[in-house]
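**Q** Sharing a structure, written as structure tokens. Questions coming.
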Amino acid sequence: MSRNRIESSLDDAPAACNSQFLGLFASDIAVQNGWPLLPVSKVIMKPISGEWGCDDPLAKGIKVLRTANFTDDGHIDYNDVVTRTIEQKKINAKALQEGDILIEKSGGSDTKPVGRVVYYRKTSENFLFNNFTALLRPCSSALNNRFLFTFLFVNYWNGGTKLYENKTTGIHNLKLMDYLENTFIPLPPLSLQEQFAGFAEQSDKSKFDALTASNLNLSRCSGFQEPILMVGDSLL
């Protein structure tokens with residue numbers, strides 16, 4: 001994939017998708033700095049499937065997020081959340097936690113691939129997620145949740161899920177484990193992940209412009225060089 005094509009695709013993506021992530025953490029940068037490149041499946045817990053339960057005519061059940069609540073900028077839209085009747089033990093086991101990542105397993109369209117991700121911020125209410133989605137969590141404290149989310153988000157908007165789509169009766173399904181096993185994430189030191197995550201939070205709606213003007217100074221890291229966009233079949 002050419003540099004111009006990469007930059008063009010990023011320009012067309014939502015605000016949070018920015019070439020600065022690629023410039024700071026692309027695979028060649030990871031290699032130059034001696035950072036591991038690992039399959040996503042190796043750095044997360046086993047994906048947790050969602051629940052749909054039964055109808056809730058009295059609207060007294062648990063609130064359940066659907067792909068309809070996913071936005072293209074990686075946020076959750078709470079304007080139209082359904083309630084469902086679901087066993088309490090499943091609610092206890094699968095209730096969303098701060099920093100959880102939801103990935104779309106079924107959905108998409110001919111113009112928008114399946115595989116969008118959203119980042120969950122804890123609210124005053126409990127939420128589950130439906131069976132068209134799955135929950136992803138890091139399995140180690142060496143991986144920052146927001147860093148993982150940004151990687152998956154940027155990867156999606158660069159077409160990283162397209163190879164793992166399976167279309168059946170008009171529905172686009174993501175071959176989730178194939179995707180996670182064949183998509184490699186760089187693992188810079190946690191301190192750098194956290195610095196990036198902090199600035200990403202602050203500049204989420206301004207295409208990470210704050211990173212350029214900040215004192216993040218990743219260029220001072222040992223072996224760090226000017227951004228070189230090197231992309232393979234997926235993001236990296």
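Please note that chains go A, B, ... in the order of the structure tokens, that every chain numbers its residues from 1, and that ligands are numbered from 1 in the order shown.
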For region 156-204 of chain A against region 106-110 of chain A, with a cut-off of 12 Å and counting only C-alpha atoms, what is the closest atom pair and its distance in Å to one decimal for every residue that makes the cut, ordered by chain and number, as a tab-separated table?

**A**
residue	atom	partner	partner_atom	distance
A:Tyr156	CA	A:Gly108	CA	11.8
A:Thr161	CA	A:Gly108	CA	10.8
A:Lys162	CA	A:Gly108	CA	10.5
A:Tyr164	CA	A:Ser106	CA	11.7
A:Glu165	CA	A:Ser106	CA	9.2
A:Asn166	CA	A:Ser106	CA	9.3
A:Lys167	CA	A:Ser106	CA	9.4
A:Thr168	CA	A:Ser106	CA	10.1
A:Thr169	CA	A:Gly107	CA	11.5
A:Gly170	CA	A:Ser109	CA	8.3
A:Ile171	CA	A:Gly107	CA	6.0
A:His172	CA	A:Gly107	CA	5.3
A:Asn173	CA	A:Ser106	CA	4.4
A:Leu174	CA	A:Ser106	CA	6.2
A:Lys175	CA	A:Ser106	CA	9.5
A:Leu176	CA	A:Ser106	CA	9.9

**Q** Would you return as a list of chain:residue names the members of region 102-210 of chain A that DSSP assigns to strand (DSSP E or B) on this structure's backbone?

**A**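 Residues meeting the strand (DSSP E or B) criterion: A:Leu102, A:Ile103, A:Glu104, A:Ser106, A:Gly107, A:Val117, A:Val118, A:Tyr119, A:Phe127, A:Leu128, A:Phe129, A:Thr133, A:Ala134, A:Leu135, A:Leu136, A:Pro138, A:Glu165, A:Asn166, A:Lys167, A:Thr168, A:Ile171, A:His172, A:Asn173, A:Leu174, A:Phe184, A:Ile185, A:Pro186.
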
**Q** Show which residues sit within 7 Å of region 84-91 of chain A, as a list in words. Count only C-alpha atoms, and ignore same-chain residues fewer than 5 positions away.

**A**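 What passes the distance filter is Trp52, Gly53, Cys54, Asp55, Asp56, Gly61, Ile62, Lys63, Val64 and Leu128 of chain A.
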
**Q** Grab the residues selected above and save them as a PDB file, in the first residue's frame with all heavy atoms.

**A**
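Written out: result-v7.pdb:
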ATOM      1  N   TRP A  52     -28.313 -11.641  24.312  1.00  0.00           N
ATOM      2  CA  TRP A  52     -29.530 -10.979  23.843  1.00  0.00           C
ATOM      3  C   TRP A  52     -30.714 -11.266  24.755  1.00  0.00           C
ATOM      4  O   TRP A  52     -31.614 -10.443  24.905  1.00  0.00           O
ATOM      5  CB  TRP A  52     -29.835 -11.381  22.405  1.00  0.00           C
ATOM      6  CG  TRP A  52     -30.895 -10.559  21.753  1.00  0.00           C
ATOM      7  CD1 TRP A  52     -31.986 -11.026  21.062  1.00  0.00           C
ATOM      8  CD2 TRP A  52     -30.986  -9.128  21.680  1.00  0.00           C
ATOM      9  NE1 TRP A  52     -32.740  -9.992  20.573  1.00  0.00           N
ATOM     10  CE2 TRP A  52     -32.139  -8.788  20.938  1.00  0.00           C
ATOM     11  CE3 TRP A  52     -30.201  -8.084  22.175  1.00  0.00           C
ATOM     12  CZ2 TRP A  52     -32.547  -7.485  20.683  1.00  0.00           C
ATOM     13  CZ3 TRP A  52     -30.587  -6.775  21.925  1.00  0.00           C
ATOM     14  CH2 TRP A  52     -31.742  -6.489  21.191  1.00  0.00           C
ATOM     15  N   GLY A  53     -30.741 -12.415  25.384  1.00  0.00           N
ATOM     16  CA  GLY A  53     -31.787 -12.708  26.359  1.00  0.00           C
ATOM     17  C   GLY A  53     -33.180 -12.763  25.761  1.00  0.00           C
ATOM     18  O   GLY A  53     -33.385 -13.173  24.619  1.00  0.00           O
ATOM     19  N   CYS A  54     -34.146 -12.274  26.533  1.00  0.00           N
ATOM     20  CA  CYS A  54     -35.558 -12.314  26.135  1.00  0.00           C
ATOM     21  C   CYS A  54     -36.144 -10.910  26.119  1.00  0.00           C
ATOM     22  O   CYS A  54     -35.566  -9.962  26.652  1.00  0.00           O
ATOM     23  CB  CYS A  54     -36.347 -13.174  27.118  1.00  0.00           C
ATOM     24  SG  CYS A  54     -35.754 -14.876  27.273  1.00  0.00           S
ATOM     25  N   ASP A  55     -37.330 -10.818  25.508  1.00  0.00           N
ATOM     26  CA  ASP A  55     -38.020  -9.526  25.469  1.00  0.00           C
ATOM     27  C   ASP A  55     -38.267  -9.010  26.886  1.00  0.00           C
ATOM     28  O   ASP A  55     -38.415  -9.780  27.841  1.00  0.00           O
ATOM     29  CB  ASP A  55     -39.361  -9.663  24.744  1.00  0.00           C
ATOM     30  CG  ASP A  55     -39.182  -9.884  23.252  1.00  0.00           C
ATOM     31  OD1 ASP A  55     -38.080  -9.595  22.743  1.00  0.00           O
ATOM     32  OD2 ASP A  55     -40.136 -10.350  22.606  1.00  0.00           O
ATOM     33  N   ASP A  56     -38.343  -7.699  27.008  1.00  0.00           N
ATOM     34  CA  ASP A  56     -38.527  -7.052  28.304  1.00  0.00           C
ATOM     35  C   ASP A  56     -39.688  -6.066  28.203  1.00  0.00           C
ATOM     36  O   ASP A  56     -39.484  -4.847  28.138  1.00  0.00           O
ATOM     37  CB  ASP A  56     -37.231  -6.336  28.702  1.00  0.00           C
ATOM     38  CG  ASP A  56     -37.337  -5.619  30.034  1.00  0.00           C
ATOM     39  OD1 ASP A  56     -38.067  -6.118  30.907  1.00  0.00           O
ATOM     40  OD2 ASP A  56     -36.699  -4.550  30.183  1.00  0.00           O
ATOM     41  N   GLY A  61     -35.473  -4.515  32.553  1.00  0.00           N
ATOM     42  CA  GLY A  61     -34.301  -5.366  32.414  1.00  0.00           C
ATOM     43  C   GLY A  61     -33.000  -4.577  32.326  1.00  0.00           C
ATOM     44  O   GLY A  61     -32.950  -3.370  32.568  1.00  0.00           O
ATOM     45  N   ILE A  62     -31.943  -5.279  31.940  1.00  0.00           N
ATOM     46  CA  ILE A  62     -30.615  -4.692  31.802  1.00  0.00           C
ATOM     47  C   ILE A  62     -30.499  -3.985  30.450  1.00  0.00           C
ATOM     48  O   ILE A  62     -31.055  -4.441  29.449  1.00  0.00           O
ATOM     49  CB  ILE A  62     -29.514  -5.778  31.938  1.00  0.00           C
ATOM     50  CG1 ILE A  62     -28.117  -5.163  31.873  1.00  0.00           C
ATOM     51  CG2 ILE A  62     -29.685  -6.857  30.873  1.00  0.00           C
ATOM     52  CD1 ILE A  62     -27.710  -4.435  33.105  1.00  0.00           C
ATOM     53  N   LYS A  63     -29.805  -2.897  30.417  1.00  0.00           N
ATOM     54  CA  LYS A  63     -29.584  -2.194  29.153  1.00  0.00           C
ATOM     55  C   LYS A  63     -28.515  -2.926  28.344  1.00  0.00           C
ATOM     56  O   LYS A  63     -27.467  -3.302  28.883  1.00  0.00           O
ATOM     57  CB  LYS A  63     -29.171  -0.753  29.413  1.00  0.00           C
ATOM     58  CG  LYS A  63     -30.298   0.086  30.014  1.00  0.00           C
ATOM     59  CD  LYS A  63     -29.920   1.555  30.117  1.00  0.00           C
ATOM     60  CE  LYS A  63     -31.131   2.381  30.584  1.00  0.00           C
ATOM     61  NZ  LYS A  63     -30.813   3.833  30.665  1.00  0.00           N
ATOM     62  N   VAL A  64     -28.807  -3.101  27.048  1.00  0.00           N
ATOM     63  CA  VAL A  64     -27.926  -3.877  26.180  1.00  0.00           C
ATOM     64  C   VAL A  64     -27.519  -3.020  24.979  1.00  0.00           C
ATOM     65  O   VAL A  64     -28.376  -2.507  24.250  1.00  0.00           O
ATOM     66  CB  VAL A  64     -28.618  -5.170  25.696  1.00  0.00           C
ATOM     67  CG1 VAL A  64     -27.702  -5.941  24.755  1.00  0.00           C
ATOM     68  CG2 VAL A  64     -29.009  -6.040  26.896  1.00  0.00           C
ATOM     69  N   LEU A 128     -24.838  -4.384  29.285  1.00  0.00           N
ATOM     70  CA  LEU A 128     -24.333  -5.562  28.591  1.00  0.00           C
ATOM     71  C   LEU A 128     -24.223  -5.211  27.111  1.00  0.00           C
ATOM     72  O   LEU A 128     -24.448  -4.073  26.698  1.00  0.00           O
ATOM     73  CB  LEU A 128     -25.249  -6.765  28.807  1.00  0.00           C
ATOM     74  CG  LEU A 128     -25.227  -7.453  30.177  1.00  0.00           C
ATOM     75  CD1 LEU A 128     -26.013  -8.762  30.116  1.00  0.00           C
ATOM     76  CD2 LEU A 128     -23.816  -7.714  30.646  1.00  0.00           C
TER      77      LEU A 128
END

**Q** Interatomic distance between CA of Phe184 (chain A) and CA of Gly99 (chain A)?

**A**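 Separation between CA of Phe184 (chain A) and CA of Gly99 (chain A): 20.5 Å.
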
**Q** Using only C-alpha atoms, find each residue in region 106-221 of chain A having at least one atom no more than 10 Å away from region 25-34 of chain A; report its shortest atom-to-atom pair and that distance in Å (one decimal), rows by chain then rising number, as a Markdown table.

**A**
| residue | atom | partner | partner_atom | distance |
| --- | --- | --- | --- | --- |
| A:Phe151 | CA | A:Phe25 | CA | 9.2 |
| A:Phe184 | CA | A:Ser27 | CA | 8.8 |
| A:Ile185 | CA | A:Ser27 | CA | 8.3 |
| A:Pro186 | CA | A:Ala30 | CA | 6.1 |
| A:Leu187 | CA | A:Ala30 | CA | 7.7 |
| A:Pro188 | CA | A:Ala30 | CA | 7.2 |
| A:Gln193 | CA | A:Phe25 | CA | 9.8 |
| A:Cys221 | CA | A:Asn33 | CA | 8.2 |

**Q** Could those residues be written to a file, using all heavy atoms, as a short mmCIF file (atom, residue, chain, number, x, y, z; two decimals), in the first residue's frame?

**A**
data_model
loop_
_atom_site.label_atom_id
_atom_site.label_comp_id
_atom_site.auth_asym_id
_atom_site.auth_seq_id
_atom_site.Cartn_x
_atom_site.Cartn_y
_atom_site.Cartn_z
N PHE A 151 -5.24 1.23 18.31
CA PHE A 151 -4.68 0.34 17.29
C PHE A 151 -5.79 -0.32 16.47
O PHE A 151 -5.76 -0.31 15.23
CB PHE A 151 -3.81 -0.74 17.94
CG PHE A 151 -3.38 -1.82 16.99
CD1 PHE A 151 -2.31 -1.63 16.14
CD2 PHE A 151 -4.10 -3.00 16.89
CE1 PHE A 151 -1.93 -2.62 15.23
CE2 PHE A 151 -3.74 -4.00 15.99
CZ PHE A 151 -2.65 -3.80 15.16
N PHE A 184 -1.15 -8.02 13.92
CA PHE A 184 -0.05 -7.85 14.86
C PHE A 184 0.00 -6.43 15.41
O PHE A 184 -0.03 -5.46 14.65
CB PHE A 184 1.28 -8.20 14.18
CG PHE A 184 1.45 -9.68 13.94
CD1 PHE A 184 0.73 -10.33 12.94
CD2 PHE A 184 2.31 -10.43 14.73
CE1 PHE A 184 0.87 -11.69 12.73
CE2 PHE A 184 2.46 -11.79 14.53
CZ PHE A 184 1.74 -12.43 13.53
N ILE A 185 0.11 -6.34 16.72
CA ILE A 185 0.14 -5.05 17.41
C ILE A 185 1.54 -4.80 17.97
O ILE A 185 2.16 -5.71 18.54
CB ILE A 185 -0.92 -5.01 18.54
CG1 ILE A 185 -0.94 -3.63 19.22
CG2 ILE A 185 -0.71 -6.12 19.54
CD1 ILE A 185 -2.08 -3.46 20.21
N PRO A 186 2.07 -3.59 17.84
CA PRO A 186 3.35 -3.25 18.46
C PRO A 186 3.16 -3.03 19.96
O PRO A 186 2.12 -2.55 20.39
CB PRO A 186 3.75 -1.95 17.76
CG PRO A 186 2.44 -1.31 17.43
CD PRO A 186 1.49 -2.44 17.12
N LEU A 187 4.16 -3.39 20.74
CA LEU A 187 4.08 -3.19 22.18
C LEU A 187 5.25 -2.34 22.65
O LEU A 187 6.25 -2.86 23.17
CB LEU A 187 4.07 -4.54 22.91
CG LEU A 187 2.81 -5.38 22.79
CD1 LEU A 187 2.96 -6.67 23.59
CD2 LEU A 187 1.59 -4.60 23.27
N PRO A 188 5.14 -1.02 22.49
CA PRO A 188 6.15 -0.14 23.06
C PRO A 188 6.07 -0.17 24.58
O PRO A 188 5.12 -0.72 25.14
CB PRO A 188 5.76 1.24 22.50
CG PRO A 188 4.29 1.15 22.27
CD PRO A 188 4.04 -0.28 21.85
N GLN A 193 2.89 4.00 25.86
CA GLN A 193 1.47 3.74 25.58
C GLN A 193 0.59 4.68 26.38
O GLN A 193 -0.38 5.24 25.86
CB GLN A 193 1.13 2.30 25.94
CG GLN A 193 1.83 1.22 25.14
CD GLN A 193 1.41 -0.16 25.62
OE1 GLN A 193 0.25 -0.41 25.92
NE2 GLN A 193 2.36 -1.06 25.71
N CYS A 221 13.09 8.94 22.07
CA CYS A 221 13.27 7.57 22.52
C CYS A 221 14.46 6.94 21.79
O CYS A 221 14.74 7.27 20.65
CB CYS A 221 12.02 6.74 22.23
SG CYS A 221 10.59 7.30 23.16
#

**Q** Quick one: everything within 10 Å of Ser140 (chain A), counting only C-alpha atoms, minus sequence neighbours fewer than 4 positions away in the same chain. Send it as a list in words.

**A** Lys42, Val43, Ile44, Met45, Asn144 and Asn145 of chain A

**Q** Put those residues in a file: N, CA, C and O atoms, as a compact mmCIF listing (two decimals), in the first residue's frame.

**A**
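Now in part02.txt:
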# COMPACT_ATOMS: atom_id res chain seq x y z
N LYS A 42 -2.80 -12.79 21.35
CA LYS A 42 -1.86 -13.14 22.41
C LYS A 42 -1.82 -12.12 23.54
O LYS A 42 -1.24 -12.39 24.60
N VAL A 43 -2.40 -10.95 23.32
CA VAL A 43 -2.30 -9.88 24.33
C VAL A 43 -3.66 -9.53 24.93
O VAL A 43 -3.76 -8.59 25.70
N ILE A 44 -4.69 -10.29 24.57
CA ILE A 44 -6.02 -10.06 25.13
C ILE A 44 -6.56 -11.34 25.74
O ILE A 44 -6.09 -12.44 25.44
N MET A 45 -7.54 -11.18 26.63
CA MET A 45 -8.26 -12.35 27.14
C MET A 45 -9.10 -12.95 26.01
O MET A 45 -9.31 -12.32 24.98
N ASN A 144 -1.96 -1.00 27.51
CA ASN A 144 -2.94 0.01 27.88
C ASN A 144 -4.22 -0.17 27.06
O ASN A 144 -4.15 -0.34 25.84
N ASN A 145 -5.38 -0.12 27.72
CA ASN A 145 -6.65 -0.34 27.03
C ASN A 145 -6.86 0.65 25.89
O ASN A 145 -7.30 0.28 24.79

**Q** Residues at most 8 Å from Ile48 (chain A), counting only C-alpha atoms, excluding those fewer than 5 positions away in the same chain, as a VMD selection string?

**A** chain A and resid 94 134 to 136

**Q** Write the residues of the selection above to a file with C-alpha atoms, as a PDB file, in the first residue's frame.

**A**
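This went into selection-v3.pdb:
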ATOM      1  CA  LYS A  94     -20.352  -9.814  31.429  1.00  0.00           C
ATOM      2  CA  ALA A 134     -17.815  -9.193  21.440  1.00  0.00           C
ATOM      3  CA  LEU A 135     -15.871  -7.740  24.342  1.00  0.00           C
ATOM      4  CA  LEU A 136     -12.078  -7.401  24.197  1.00  0.00           C
TER       5      LEU A 136
END

**Q** CA of Gly74 (chain A) and CA of Ile101 (chain A), how far apart in Å?

**A**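 Straight-line distance from CA of Ile101 (chain A) to CA of Gly74 (chain A) works out to 9.6 Å.
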